[in-house]
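A.B. asks: start-v5.cif is the file, holding mmCIF, C-alpha atoms:
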```
data_input
loop_
_atom_site.label_atom_id
_atom_site.label_comp_id
_atom_site.auth_asym_id
_atom_site.auth_seq_id
_atom_site.Cartn_x
_atom_site.Cartn_y
_atom_site.Cartn_z
CA MET A 1114 110.39 -54.15 -88.60
CA SER A 1115 107.81 -52.28 -90.42
CA GLN A 1116 105.70 -49.66 -88.88
CA GLN A 1117 102.60 -51.92 -89.09
CA ASN A 1118 104.24 -54.87 -87.34
CA LYS A 1119 105.43 -52.64 -84.57
CA LEU A 1120 101.88 -51.37 -84.13
CA ARG A 1121 100.47 -54.92 -83.99
CA GLN A 1122 103.06 -56.00 -81.44
CA LEU A 1123 102.25 -52.95 -79.36
CA LYS A 1124 98.51 -53.78 -79.53
CA GLU A 1125 99.18 -57.35 -78.45
CA LEU A 1126 101.24 -56.16 -75.55
CA LEU A 1127 98.69 -53.57 -74.47
CA LEU A 1128 95.43 -55.48 -75.15
CA HIS A 1129 96.53 -58.99 -74.15
CA GLU A 1130 94.62 -59.00 -70.84
CA ASP A 1131 91.50 -57.45 -72.42
CA ARG A 1132 91.39 -60.18 -75.05
CA ASP A 1133 91.52 -62.88 -72.38
CA GLU A 1134 88.68 -61.19 -70.56
CA ILE A 1135 86.63 -60.93 -73.76
CA ALA A 1136 87.23 -64.62 -74.48
CA LEU A 1137 86.13 -65.45 -70.95
CA LEU A 1138 82.99 -63.32 -71.33
CA GLN A 1139 82.15 -64.94 -74.64
CA GLU A 1140 82.52 -68.33 -73.03
CA LYS A 1141 80.16 -67.33 -70.24
CA ILE A 1142 77.62 -65.92 -72.72
CA ARG A 1143 77.66 -69.25 -74.59
CA GLU A 1144 77.14 -71.10 -71.31
CA LEU A 1145 74.21 -68.84 -70.42
CA GLU A 1146 72.69 -69.26 -73.87
CA GLY A 1147 72.96 -73.03 -73.38
CA ILE A 1148 71.24 -72.85 -70.01
CA ILE A 1149 68.41 -70.69 -71.37
CA GLU A 1150 67.97 -72.97 -74.34
CA LYS A 1151 67.96 -76.04 -72.08
CA GLN A 1152 65.47 -74.39 -69.66
CA GLU A 1153 63.11 -73.66 -72.52
CA GLN A 1154 63.44 -77.23 -73.72
CA LEU A 1155 62.99 -78.50 -70.20
CA ALA A 1156 60.05 -76.21 -69.56
CA SER A 1157 58.25 -77.38 -72.67
CA ARG A 1158 58.45 -80.89 -71.30
CA VAL A 1159 58.02 -80.31 -67.58
CA ASP A 1160 55.35 -77.54 -67.56
CA PRO A 1161 52.42 -79.74 -68.71
CA ILE A 1162 53.30 -82.29 -66.01
CA ILE A 1163 53.45 -79.58 -63.34
CA ASP A 1164 50.20 -78.01 -64.63
CA LYS A 1165 48.46 -81.39 -64.48
CA LYS A 1166 49.75 -82.09 -60.99
CA LEU A 1167 48.80 -78.61 -59.85
CA LYS A 1168 45.29 -79.01 -61.27
CA GLN A 1169 44.91 -82.38 -59.58
CA TYR A 1170 46.24 -80.93 -56.32
CA THR A 1171 43.79 -78.03 -56.50
CA GLU A 1172 40.91 -80.43 -57.09
CA ASP A 1173 42.04 -82.64 -54.22
CA ILE A 1174 42.41 -79.80 -51.72
CA PRO A 1175 38.86 -80.04 -50.29
CA GLU A 1176 39.13 -83.79 -49.85
CA LYS A 1177 42.75 -84.04 -48.68
CA LEU A 1178 43.15 -80.84 -46.74
CA GLY A 1179 39.49 -80.17 -45.85
CA PRO A 1180 39.39 -82.25 -42.65
CA THR A 1181 42.80 -80.91 -41.56
CA ILE A 1182 41.75 -77.31 -42.22
CA THR A 1183 38.42 -77.84 -40.44
CA GLU A 1184 40.17 -79.41 -37.46
CA SER A 1185 42.75 -76.61 -37.35
CA LEU A 1186 40.03 -73.97 -37.57
CA LYS A 1187 38.05 -75.70 -34.81
CA ASN A 1188 41.11 -75.79 -32.57
CA GLU A 1189 42.02 -72.24 -33.44
CA ILE A 1190 38.50 -70.99 -32.68
CA ALA A 1191 38.33 -73.06 -29.46
CA ASN A 1192 41.69 -71.72 -28.32
CA SER A 1193 41.00 -68.12 -29.14
CA LYS A 1194 37.26 -67.63 -28.74
CA ASP A 1195 37.60 -64.07 -27.53
CA GLN A 1196 39.67 -63.00 -30.52
CA VAL A 1197 37.23 -64.71 -32.91
CA VAL A 1198 34.26 -63.03 -31.24
CA ASP A 1199 36.06 -59.68 -31.31
CA ALA A 1200 36.79 -60.13 -35.01
CA LEU A 1201 33.28 -61.28 -35.96
CA TYR A 1202 31.32 -58.97 -33.68
CA PRO A 1203 31.54 -55.85 -35.86
CA ILE A 1204 30.83 -57.84 -39.04
CA ILE A 1205 27.77 -59.63 -37.63
CA GLY A 1206 26.66 -56.40 -35.96
CA LYS A 1207 26.75 -54.60 -39.30
CA MET A 1208 24.86 -57.43 -41.00
CA ILE A 1209 22.11 -57.39 -38.36
CA LYS A 1210 21.94 -53.59 -38.51
CA LYS A 1211 21.61 -53.70 -42.30
CA TYR A 1212 18.93 -56.39 -42.10
CA ILE A 1213 16.91 -54.46 -39.53
CA GLN A 1214 17.23 -51.27 -41.60
CA GLN A 1215 15.98 -53.15 -44.65
CA GLU A 1216 13.05 -54.63 -42.72
CA PHE A 1217 12.13 -51.20 -41.36
CA LYS A 1218 12.28 -49.81 -44.87
CA ILE A 1219 9.87 -52.52 -46.07
CA LEU A 1220 7.59 -51.86 -43.10
CA SER A 1221 7.72 -48.11 -43.72
CA ASP A 1222 6.87 -48.65 -47.40
CA LYS A 1223 3.93 -50.84 -46.45
CA ILE A 1224 2.65 -48.25 -43.95
CA ASN A 1225 2.97 -45.49 -46.55
CA SER A 1226 1.17 -47.61 -49.09
CA GLN A 1227 -1.63 -48.28 -46.59
CA LEU A 1228 -1.90 -44.56 -45.75
CA GLN A 1229 -1.97 -43.57 -49.40
CA LYS A 1230 -5.09 -45.62 -49.95
CA SER A 1231 -6.89 -42.84 -48.12
CA PHE A 1232 -10.21 -43.34 -49.85
CA SER A 1233 -10.53 -47.05 -49.21
CA LEU A 1234 -13.27 -48.32 -46.91
CA LYS A 1235 -10.65 -50.19 -44.87
CA ASN A 1236 -8.78 -46.94 -44.28
CA TRP A 1237 -11.88 -45.09 -43.13
CA THR A 1238 -12.77 -48.01 -40.84
CA ARG A 1239 -9.27 -47.87 -39.37
CA LYS A 1240 -9.51 -44.09 -38.87
CA PHE A 1241 -12.81 -44.57 -37.08
CA LYS A 1242 -11.38 -47.40 -34.98
CA SER A 1243 -8.41 -45.19 -34.09
CA LYS A 1244 -10.70 -42.36 -32.98
CA VAL A 1245 -12.90 -44.66 -30.90
CA SER A 1246 -10.14 -46.78 -29.32
CA GLY A 1247 -7.59 -44.03 -28.86
CA ILE A 1248 -4.88 -46.15 -30.52
CA ASN A 1249 -3.08 -44.13 -33.16
CA GLU A 1250 -3.53 -45.12 -36.78
CA GLU A 1251 0.11 -46.10 -37.34
CA ASN A 1252 -0.07 -48.62 -34.52
CA LEU A 1253 -3.24 -50.08 -36.00
CA ILE A 1254 -1.47 -50.42 -39.38
CA ILE A 1255 1.52 -52.18 -37.77
CA GLN A 1256 -0.94 -54.48 -36.03
CA GLU A 1257 -2.57 -55.28 -39.39
CA LEU A 1258 0.78 -55.96 -41.05
CA ALA A 1259 1.96 -58.32 -38.33
CA LYS A 1260 -1.35 -60.15 -38.43
CA THR A 1261 -1.40 -63.86 -37.69
CA GLU A 1262 -2.64 -65.98 -40.54
CA ILE A 1263 -3.90 -69.53 -40.27
CA GLN A 1264 -2.28 -71.64 -42.99
CA GLU A 1265 -3.68 -75.06 -42.16
CA ILE A 1266 -5.92 -76.78 -39.65
CA PHE A 1267 -5.94 -80.51 -39.07
CA ILE A 1268 -8.39 -82.50 -36.97
CA ILE A 1269 -6.62 -85.72 -36.14
CA GLU A 1270 -7.75 -88.90 -34.39
CA LYS A 1271 -5.71 -89.00 -31.19
CA ASP A 1272 -4.75 -92.70 -31.07
CA SER A 1273 -4.37 -93.65 -34.70
CA GLY A 1274 -3.13 -90.33 -36.06
CA ILE A 1275 -5.66 -90.63 -38.88
CA LEU A 1276 -6.81 -87.37 -40.40
CA ILE A 1277 -10.49 -86.62 -39.72
CA ALA A 1278 -10.68 -83.26 -41.49
CA ASN A 1279 -8.43 -80.60 -42.91
CA PHE A 1280 -8.45 -76.98 -44.02
CA SER A 1281 -5.45 -75.83 -46.00
CA LYS A 1282 -4.40 -72.72 -47.91
CA ALA A 1283 -1.49 -74.49 -49.59
CA ASN A 1284 -1.52 -78.03 -50.90
CA THR A 1285 2.11 -78.82 -50.29
CA ILE A 1286 2.49 -82.08 -48.42
CA ASP A 1287 0.43 -85.25 -48.05
CA LYS A 1288 -1.98 -84.41 -45.25
CA ASP A 1289 -2.42 -88.03 -44.12
CA VAL A 1290 1.32 -88.59 -43.74
CA LEU A 1291 1.70 -85.23 -41.99
CA SER A 1292 -1.10 -86.11 -39.54
CA GLY A 1293 0.61 -89.43 -38.79
CA MET A 1294 3.97 -87.78 -38.28
CA LEU A 1295 2.50 -85.07 -36.02
CA THR A 1296 0.87 -87.78 -33.92
CA ALA A 1297 4.11 -89.75 -33.78
CA ILE A 1298 6.07 -86.65 -32.68
CA LYS A 1299 3.38 -85.79 -30.12
CA SER A 1300 3.35 -89.36 -28.76
CA PHE A 1301 7.14 -89.46 -28.64
CA VAL A 1302 7.41 -86.20 -26.67
CA GLU A 1303 4.60 -87.11 -24.30
CA GLU A 1304 6.04 -90.58 -23.69
CA ALA A 1305 9.65 -89.37 -23.39
CA PHE A 1306 8.93 -86.82 -20.67
CA LYS A 1307 6.23 -88.84 -18.90
CA THR A 1308 4.84 -85.84 -17.05
CA GLY A 1309 1.47 -87.32 -16.13
CA ASN A 1310 -1.39 -85.99 -18.20
CA ASP A 1311 0.57 -83.15 -19.82
CA SER A 1312 0.55 -83.02 -23.58
CA LEU A 1313 2.43 -81.28 -26.32
CA GLU A 1314 0.75 -77.96 -27.01
CA SER A 1315 2.86 -76.23 -29.60
CA ILE A 1316 5.70 -76.67 -32.05
CA GLU A 1317 7.58 -73.65 -33.41
CA TYR A 1318 9.66 -73.41 -36.54
CA GLY A 1319 10.82 -70.12 -38.02
CA LEU A 1320 7.83 -67.82 -38.37
CA TYR A 1321 5.38 -70.70 -38.09
CA ASN A 1322 3.69 -72.01 -34.98
CA ILE A 1323 1.77 -75.27 -34.76
CA HIS A 1324 -0.81 -74.91 -32.05
CA ILE A 1325 -2.10 -78.21 -30.69
CA GLN A 1326 -5.41 -78.37 -28.85
CA ASN A 1327 -6.39 -81.70 -27.34
CA PHE A 1328 -9.86 -83.13 -27.01
CA ASN A 1329 -10.85 -86.55 -25.76
CA SER A 1330 -10.54 -88.66 -28.90
CA TYR A 1331 -9.05 -86.17 -31.34
CA TYR A 1332 -6.91 -83.05 -31.45
CA PHE A 1333 -6.61 -79.92 -33.54
CA ALA A 1334 -3.27 -78.92 -35.05
CA VAL A 1335 -3.31 -75.36 -36.36
CA VAL A 1336 -0.41 -74.08 -38.45
CA ALA A 1337 -0.25 -70.29 -38.08
CA HIS A 1338 2.10 -67.74 -39.59
CA GLY A 1339 2.94 -64.44 -37.92
CA VAL A 1340 2.82 -63.14 -34.36
CA PHE A 1341 1.33 -65.89 -32.20
CA ASP A 1342 0.87 -64.14 -28.88
CA SER A 1343 -1.21 -65.24 -25.92
CA ALA A 1344 -4.12 -63.00 -26.96
CA TYR A 1345 -4.30 -64.68 -30.39
CA LYS A 1346 -3.85 -68.10 -28.80
CA GLY A 1347 -6.77 -67.39 -26.45
CA LYS A 1348 -9.03 -66.36 -29.36
CA LEU A 1349 -8.00 -69.39 -31.40
CA GLU A 1350 -8.66 -71.77 -28.50
CA TYR A 1351 -12.10 -70.25 -28.07
CA GLU A 1352 -12.93 -70.60 -31.78
CA LEU A 1353 -11.72 -74.22 -31.88
CA LEU A 1354 -13.87 -75.06 -28.86
CA ASN A 1355 -16.79 -73.33 -30.51
CA PHE A 1356 -16.27 -75.25 -33.75
CA ALA A 1357 -15.91 -78.56 -31.90
CA GLU A 1358 -19.09 -77.92 -29.92
CA LYS A 1359 -21.06 -77.23 -33.10
CA ASN A 1360 -19.63 -79.95 -35.31
CA LEU A 1361 -17.82 -82.67 -33.40
CA THR A 1362 -19.84 -83.48 -30.30
CA LYS A 1363 -21.79 -86.20 -32.07
CA GLY A 1364 -18.64 -87.87 -33.35
CA PRO A 1365 -17.06 -87.40 -36.77
CA GLN A 1366 -19.63 -86.26 -39.29
CA LYS A 1367 -19.63 -85.86 -43.03
CA ASN A 1368 -18.24 -82.73 -44.67
CA ILE A 1369 -16.27 -81.63 -41.60
CA SER A 1370 -13.49 -80.37 -43.90
CA ILE A 1371 -15.96 -78.11 -45.72
CA LYS A 1372 -17.35 -76.80 -42.44
CA LEU A 1373 -13.80 -76.22 -41.16
CA THR A 1374 -12.92 -74.26 -44.30
CA GLU A 1375 -16.10 -72.17 -44.05
CA TYR A 1376 -15.47 -71.43 -40.39
CA PHE A 1377 -11.77 -70.53 -40.59
CA ASN A 1378 -11.28 -69.24 -44.12
CA ASN A 1379 -11.72 -65.69 -42.88
CA ASP A 1380 -8.40 -64.55 -41.39
CA ASP A 1381 -10.12 -62.55 -38.65
CA LEU A 1382 -10.77 -64.66 -35.60
CA MET B 219 -15.33 -93.22 -50.86
CA THR B 220 -11.94 -93.51 -49.20
CA THR B 221 -11.44 -94.68 -45.63
CA SER B 222 -8.11 -94.43 -43.84
CA LYS B 223 -6.68 -97.32 -41.83
CA LYS B 224 -3.55 -97.46 -39.69
CA ILE B 225 -1.19 -100.36 -40.34
CA VAL B 226 1.83 -100.93 -38.09
CA LEU B 227 4.83 -103.07 -39.04
CA LEU B 228 6.75 -104.67 -36.18
CA GLY B 229 9.66 -107.03 -35.85
CA HIS B 230 13.37 -107.32 -35.10
CA PHE B 231 16.05 -105.09 -36.64
CA GLY B 232 16.92 -105.80 -40.26
CA VAL B 233 14.07 -108.18 -41.05
CA GLY B 234 12.98 -106.03 -43.99
CA LYS B 235 10.02 -104.02 -42.68
CA THR B 236 11.03 -100.86 -44.52
CA SER B 237 11.89 -102.83 -47.67
CA ILE B 238 8.46 -104.47 -47.68
CA ILE B 239 6.76 -101.08 -47.38
CA ARG B 240 8.94 -99.46 -50.05
CA LYS B 241 8.29 -102.32 -52.42
CA PHE B 242 4.56 -101.97 -51.85
CA VAL B 243 4.37 -98.16 -51.93
CA THR B 244 6.95 -97.22 -54.58
CA ASN B 245 7.87 -100.60 -56.09
CA GLU B 246 11.52 -100.02 -55.20
CA PHE B 247 14.06 -102.26 -53.52
CA SER B 248 17.56 -101.48 -52.29
CA SER B 249 19.93 -103.93 -50.65
CA ASP B 250 21.60 -101.06 -48.73
CA TYR B 251 20.49 -101.36 -45.13
CA LYS B 252 19.51 -98.09 -43.49
CA VAL B 253 18.28 -98.55 -39.96
CA THR B 254 14.91 -96.96 -39.15
CA ILE B 255 15.06 -94.55 -36.24
CA GLY B 256 11.79 -93.89 -34.44
CA VAL B 257 8.99 -94.12 -36.94
CA HIS B 258 8.44 -93.46 -40.64
CA ILE B 259 5.00 -93.06 -42.13
CA PHE B 260 3.95 -94.05 -45.64
CA LYS B 261 0.64 -94.02 -47.44
CA LYS B 262 -0.93 -95.99 -50.25
CA GLU B 263 -4.46 -96.14 -51.48
CA VAL B 264 -5.81 -99.58 -52.33
CA PRO B 265 -9.02 -99.86 -54.38
CA VAL B 266 -11.34 -102.43 -52.83
CA THR B 267 -14.46 -102.00 -54.95
CA THR B 268 -15.28 -99.96 -58.04
CA ASN B 269 -16.14 -96.92 -55.98
CA ASP B 270 -14.38 -97.50 -52.70
CA SER B 271 -10.76 -97.55 -51.65
CA ILE B 272 -8.83 -97.94 -48.44
CA SER B 273 -6.06 -95.48 -47.71
CA LEU B 274 -3.42 -97.45 -45.83
CA ILE B 275 -1.41 -95.22 -43.48
CA ILE B 276 1.57 -97.46 -42.83
CA TRP B 277 3.68 -96.92 -39.72
CA ASP B 278 7.17 -98.35 -40.08
CA LEU B 279 8.50 -98.73 -36.54
CA GLU B 280 12.18 -99.15 -35.69
CA GLY B 281 13.16 -102.76 -35.12
CA THR B 282 13.14 -104.28 -31.67
CA ASP B 283 13.39 -107.79 -30.28
CA ASN B 284 11.16 -106.85 -27.36
CA ILE B 285 7.80 -105.38 -28.31
CA ASP B 286 7.27 -104.23 -24.73
CA LEU B 287 9.85 -101.52 -25.41
CA ILE B 288 7.84 -99.96 -28.23
CA ASN B 289 6.25 -96.61 -27.40
CA LYS B 290 2.69 -97.71 -26.57
CA ALA B 291 1.20 -94.64 -28.19
CA TYR B 292 2.57 -95.80 -31.56
CA LEU B 293 0.43 -98.93 -31.32
CA LEU B 294 -2.81 -97.28 -30.20
CA GLY B 295 -5.59 -97.02 -32.77
CA THR B 296 -3.96 -99.55 -35.07
CA HIS B 297 -6.29 -101.36 -37.46
CA SER B 298 -3.79 -104.05 -38.44
CA PHE B 299 -0.39 -105.21 -37.25
CA ILE B 300 2.08 -106.90 -39.56
CA TYR B 301 4.70 -108.83 -37.61
CA VAL B 302 7.71 -109.43 -39.84
CA TYR B 303 10.62 -111.82 -39.29
CA ASP B 304 13.61 -112.90 -41.36
CA ILE B 305 13.37 -116.58 -42.34
CA THR B 306 17.19 -116.81 -42.58
CA ARG B 307 17.78 -115.60 -39.00
CA PRO B 308 16.16 -117.82 -36.32
CA VAL B 309 16.78 -115.17 -33.66
CA THR B 310 14.16 -112.98 -35.37
CA PHE B 311 11.42 -115.61 -34.94
CA SER B 312 12.52 -117.30 -31.74
CA ASN B 313 10.01 -115.20 -29.76
CA LEU B 314 7.38 -115.01 -32.51
CA GLU B 315 4.67 -116.85 -30.58
CA GLU B 316 5.32 -114.86 -27.43
CA ASN B 317 5.13 -111.51 -29.26
CA VAL B 318 2.02 -112.50 -31.20
CA LEU B 319 0.34 -113.52 -27.94
CA LYS B 320 1.23 -110.21 -26.30
CA LEU B 321 -0.20 -108.26 -29.22
CA LYS B 322 -3.39 -110.33 -29.23
CA GLU B 323 -3.84 -109.80 -25.50
CA LYS B 324 -3.30 -106.05 -25.66
CA PHE B 325 -5.18 -105.47 -28.90
CA PRO B 326 -7.73 -108.29 -29.17
CA LYS B 327 -9.80 -106.55 -31.86
CA THR B 328 -6.88 -105.65 -34.10
CA LEU B 329 -6.07 -107.71 -37.18
CA LEU B 330 -2.62 -109.35 -37.04
CA LYS B 331 -0.63 -110.90 -39.87
CA THR B 332 2.71 -112.66 -39.49
CA VAL B 333 5.17 -112.52 -42.38
CA ALA B 334 8.31 -114.57 -43.07
CA ASN B 335 10.41 -112.25 -45.24
CA LYS B 336 13.57 -112.85 -47.36
CA ILE B 337 12.12 -116.05 -48.73
CA ASP B 338 14.27 -115.59 -51.85
CA LEU B 339 17.38 -116.36 -49.76
CA ILE B 340 16.44 -119.95 -48.88
CA ASP B 341 16.89 -122.90 -51.21
CA ASP B 342 14.00 -125.08 -50.16
CA ILE B 343 10.93 -123.67 -48.44
CA ASN B 344 9.74 -127.22 -47.71
CA ASP B 345 12.84 -127.98 -45.67
CA GLU B 346 11.90 -129.55 -42.31
CA LYS B 347 13.75 -126.89 -40.34
CA TYR B 348 11.28 -124.19 -41.46
CA LYS B 349 8.14 -126.32 -41.17
CA ASP B 350 7.11 -125.47 -37.58
CA THR B 351 7.66 -121.74 -37.93
CA LEU B 352 5.99 -121.43 -41.31
CA GLN B 353 2.91 -123.23 -40.01
CA LYS B 354 2.41 -120.34 -37.58
CA THR B 355 2.98 -117.74 -40.31
CA ASP B 356 0.34 -116.11 -42.51
CA TYR B 357 2.56 -115.03 -45.40
CA THR B 358 5.96 -115.73 -46.86
CA SER B 359 7.39 -112.78 -48.74
CA SER B 360 10.37 -111.29 -50.51
CA ALA B 361 10.76 -107.54 -50.64
CA LYS B 362 13.50 -108.16 -53.23
CA THR B 363 11.39 -110.06 -55.74
CA GLY B 364 8.09 -108.59 -54.61
CA GLU B 365 6.65 -112.03 -53.89
CA ASN B 366 3.35 -111.78 -51.95
CA ILE B 367 3.92 -108.14 -51.00
CA THR B 368 0.90 -106.73 -52.84
CA ASP B 369 -1.22 -109.74 -51.82
CA LEU B 370 -0.42 -109.09 -48.17
CA PHE B 371 -1.56 -105.46 -48.19
CA ASP B 372 -4.47 -106.10 -50.56
CA SER B 373 -5.86 -108.81 -48.29
CA ILE B 374 -5.59 -106.48 -45.29
CA ALA B 375 -7.30 -103.65 -47.18
CA LYS B 376 -10.07 -105.96 -48.38
CA SER B 377 -10.70 -107.26 -44.87
CA PHE B 378 -11.61 -103.67 -43.87
CA ALA B 379 -14.04 -103.40 -46.76
CA LEU B 380 -16.06 -106.38 -45.63
#
```
Kindly transcribe the structure held in the file into structure tokens.

C.D. replies:
Amino acid sequence: MSQQNKLRQLKELLLHEDRDEIALLQEKIRELEGIIEKQEQLASRVDPIIDKKLKQYTEDIPEKLGPTITESLKNEIANSKDQVVDALYPIIGKMIKKYIQQEFKILSDKINSQLQKSFSLKNWTRKFKSKVSGINEENLIIQELAKTEIQEIFIIEKDSGILIANFSKANTIDKDVLSGMLTAIKSFVEEAFKTGNDSLESIEYGLYNIHIQNFNSYYFAVVAHGVFDSAYKGKLEYELLNFAEKNLTKGPQKNISIKLTEYFNNDDL
Amino acid sequence: MTTSKKIVLLGHFGVGKTSIIRKFVTNEFSSDYKVTIGVHIFKKEVPVTTNDSISLIIWDLEGTDNIDLINKAYLLGTHSFIYVYDITRPVTFSNLEENVLKLKEKFPKTLLKTVANKIDLIDDINDEKYKDTLQKTDYTSSAKTGENITDLFDSIAKSFAL
């Protein structure tokens, strides 16, 4: 046996097990390659279907899961009110604090702006008023800024709800329809509570207040914006009575709307 | 010059009061039935002469088969009532005479018109079964086709101009 053959036989004897292992590994590598190749092939076919389904599912979530989620949230909130309040309290608190800070900043800016107009007649009048009344100037400015402003006045026939006269700073809604609706609301409330001769006297919404003042055959509805305190209400009632005495005692007259505008166009009552 | 007048539409549920008004005011009709809750108010100006017009403030009341149940304040100050019934539903005109009488007693000076609506849904208006009721009715109308709707309101407006 030649030297080379002996060496080969020796290699076969020594490396026999290693060769088997290598063959096994190669086999496994081929299998893995097959799987990867198949997955890629599969993915190229399946992915668009999954994407489409996923997109559809996402779009359907509000409709399909919305009621379930809402119901679950309702139950969850009902069952753990304290925890919900505890969780929301600091957030809402911060929001309110921020809002108030912002409003104070606006108010402060307005006061500064008012004070800076030191040479205006209004400013000198205020300074004089402050000296005479003893109310400090800042308080007078705050009072001016929170001033109540009349936006609209309607004189409406009590029974029919037909508009007799109107003064308006903004032409937003049909005044005739509004007068009818106000009368319908007034009639509904007065009929629903049946409290004798009592009548609806005011309606509030947001920063607006509708003051209603009844007369025998008609009523005034005054839409005011701003602080509507009892002092302002008293002044307004007096002015409405005064206007009615001068212009409405002889029944509806011509040009009442013009007279109403002339009388109330000035914001100072 | 424009004068405002209050018109109130009364009648059973679903007789077409709102449809009549919508057809007159906005020239629209929808077959979807939306029940009126409380009162809705519409407005349309009708010219009666070259210089004058009547502003009709139309109160669309919720339907009821018993007019005694209507909030009385809604009826006060009315210049004309329009009592509407559905010609295809006898229940809506079974108490027509009684309701008309009540209105005339309570509001003797107020104009009152009776209207048989949904006339487009019947095959023959001259059919004997409608004869008695239609004799007591001022107008036949169809909110769907618009038949007689403008005439109804125009005649009311013109009666105020006289």

A.B. asks: Could you check which of A:Ala1305, A:Ile1325, A:Ala1344, A:Met1208 is closest to chain B, using only C-alpha atoms?

C.D. replies: A:Ala1305

A.B. asks: So which residues get picked by the PyMOL selection byres ((chain B and resi 284-298) around 8) here, written as a ChimeraX atom specification?

C.D. replies: /A:1272-1274,1297,1300-1301,1304 /B:223-226,228-229,282-283,299-300,317,328-331,374

A.B. asks: For this file, the PyMOL selection byres ((chain B and resi 363) around 9) selects which residues, as number ranges by chain?

C.D. replies: B: 241, 247, 338, 359-362, 364-365

A.B. asks: Please identify all polymer residues lying at most 12 Å from the point (5.5, -112.0, -39.3) (file coordinates), using all atoms listed in the file, and present the result as an MDAnalysis selection string.

C.D. replies: chainID B and resid 226:230 233:235 238 299:305 310:315 317:318 330:336 351:359 370

A.B. asks: Identify, on the basis of only C-alpha atoms, every residue whose closest approach to segment 265-274 of chain B does not exceed 8 Å; exclude the query and any residue fewer than 3 positions from it along the same chain; express the result as an NGL selection string.

C.D. replies: :B and (219-225 or 261-262 or 375-376 or 378-379)

A.B. asks: Compute the set of chain A residues within 12 Å of chain B, using only C-alpha atoms, and express it as a short mmCIF file (atom, residue, chain, number, x, y, z; two decimals) with C-alpha atoms, in the frame of the given file.

C.D. replies:
```cif
data_model
loop_
_atom_site.label_atom_id
_atom_site.label_comp_id
_atom_site.auth_asym_id
_atom_site.auth_seq_id
_atom_site.Cartn_x
_atom_site.Cartn_y
_atom_site.Cartn_z
CA ILE A 1269 -6.62 -85.72 -36.14
CA GLU A 1270 -7.75 -88.90 -34.39
CA LYS A 1271 -5.71 -89.00 -31.19
CA ASP A 1272 -4.75 -92.70 -31.07
CA SER A 1273 -4.37 -93.65 -34.70
CA GLY A 1274 -3.13 -90.33 -36.06
CA ILE A 1275 -5.66 -90.63 -38.88
CA LEU A 1276 -6.81 -87.37 -40.40
CA ILE A 1277 -10.49 -86.62 -39.72
CA ALA A 1278 -10.68 -83.26 -41.49
CA ASP A 1287 0.43 -85.25 -48.05
CA LYS A 1288 -1.98 -84.41 -45.25
CA ASP A 1289 -2.42 -88.03 -44.12
CA VAL A 1290 1.32 -88.59 -43.74
CA LEU A 1291 1.70 -85.23 -41.99
CA SER A 1292 -1.10 -86.11 -39.54
CA GLY A 1293 0.61 -89.43 -38.79
CA MET A 1294 3.97 -87.78 -38.28
CA LEU A 1295 2.50 -85.07 -36.02
CA THR A 1296 0.87 -87.78 -33.92
CA ALA A 1297 4.11 -89.75 -33.78
CA ILE A 1298 6.07 -86.65 -32.68
CA LYS A 1299 3.38 -85.79 -30.12
CA SER A 1300 3.35 -89.36 -28.76
CA PHE A 1301 7.14 -89.46 -28.64
CA VAL A 1302 7.41 -86.20 -26.67
CA GLU A 1303 4.60 -87.11 -24.30
CA GLU A 1304 6.04 -90.58 -23.69
CA ALA A 1305 9.65 -89.37 -23.39
CA LYS A 1307 6.23 -88.84 -18.90
CA SER A 1330 -10.54 -88.66 -28.90
CA TYR A 1331 -9.05 -86.17 -31.34
CA LYS A 1367 -19.63 -85.86 -43.03
#
```

A.B. asks: One decimal, in Å: what's the spacing between atom CA of Leu279 of chain B and atom CA of Asn1322 of chain A?

C.D. replies: 27.2 Å

A.B. asks: State, in Å with one decimal place, the distance from atom CA of Val264 of chain B to atom CA of Thr244 of chain B.

C.D. replies: 13.2 Å

A.B. asks: Run the PyMOL selection byres ((chain A and resi 1353) around 10) mentally over the shown coordinates, then write out the matched residues as a VMD selection string, using the chain letters and numbers from the document.

C.D. replies: chain A and resid 1326 1333 1335 1348 to 1352 1354 to 1359 1373 1376 to 1377

A.B. asks: So what do you get for atom CA of Lys1346 of chain A versus atom CA of Asn1327 of chain A, distance-wise?

C.D. replies: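 Atom CA of Asn1327 of chain A lies at a distance of 13.9 Å from atom CA of Lys1346 of chain A.
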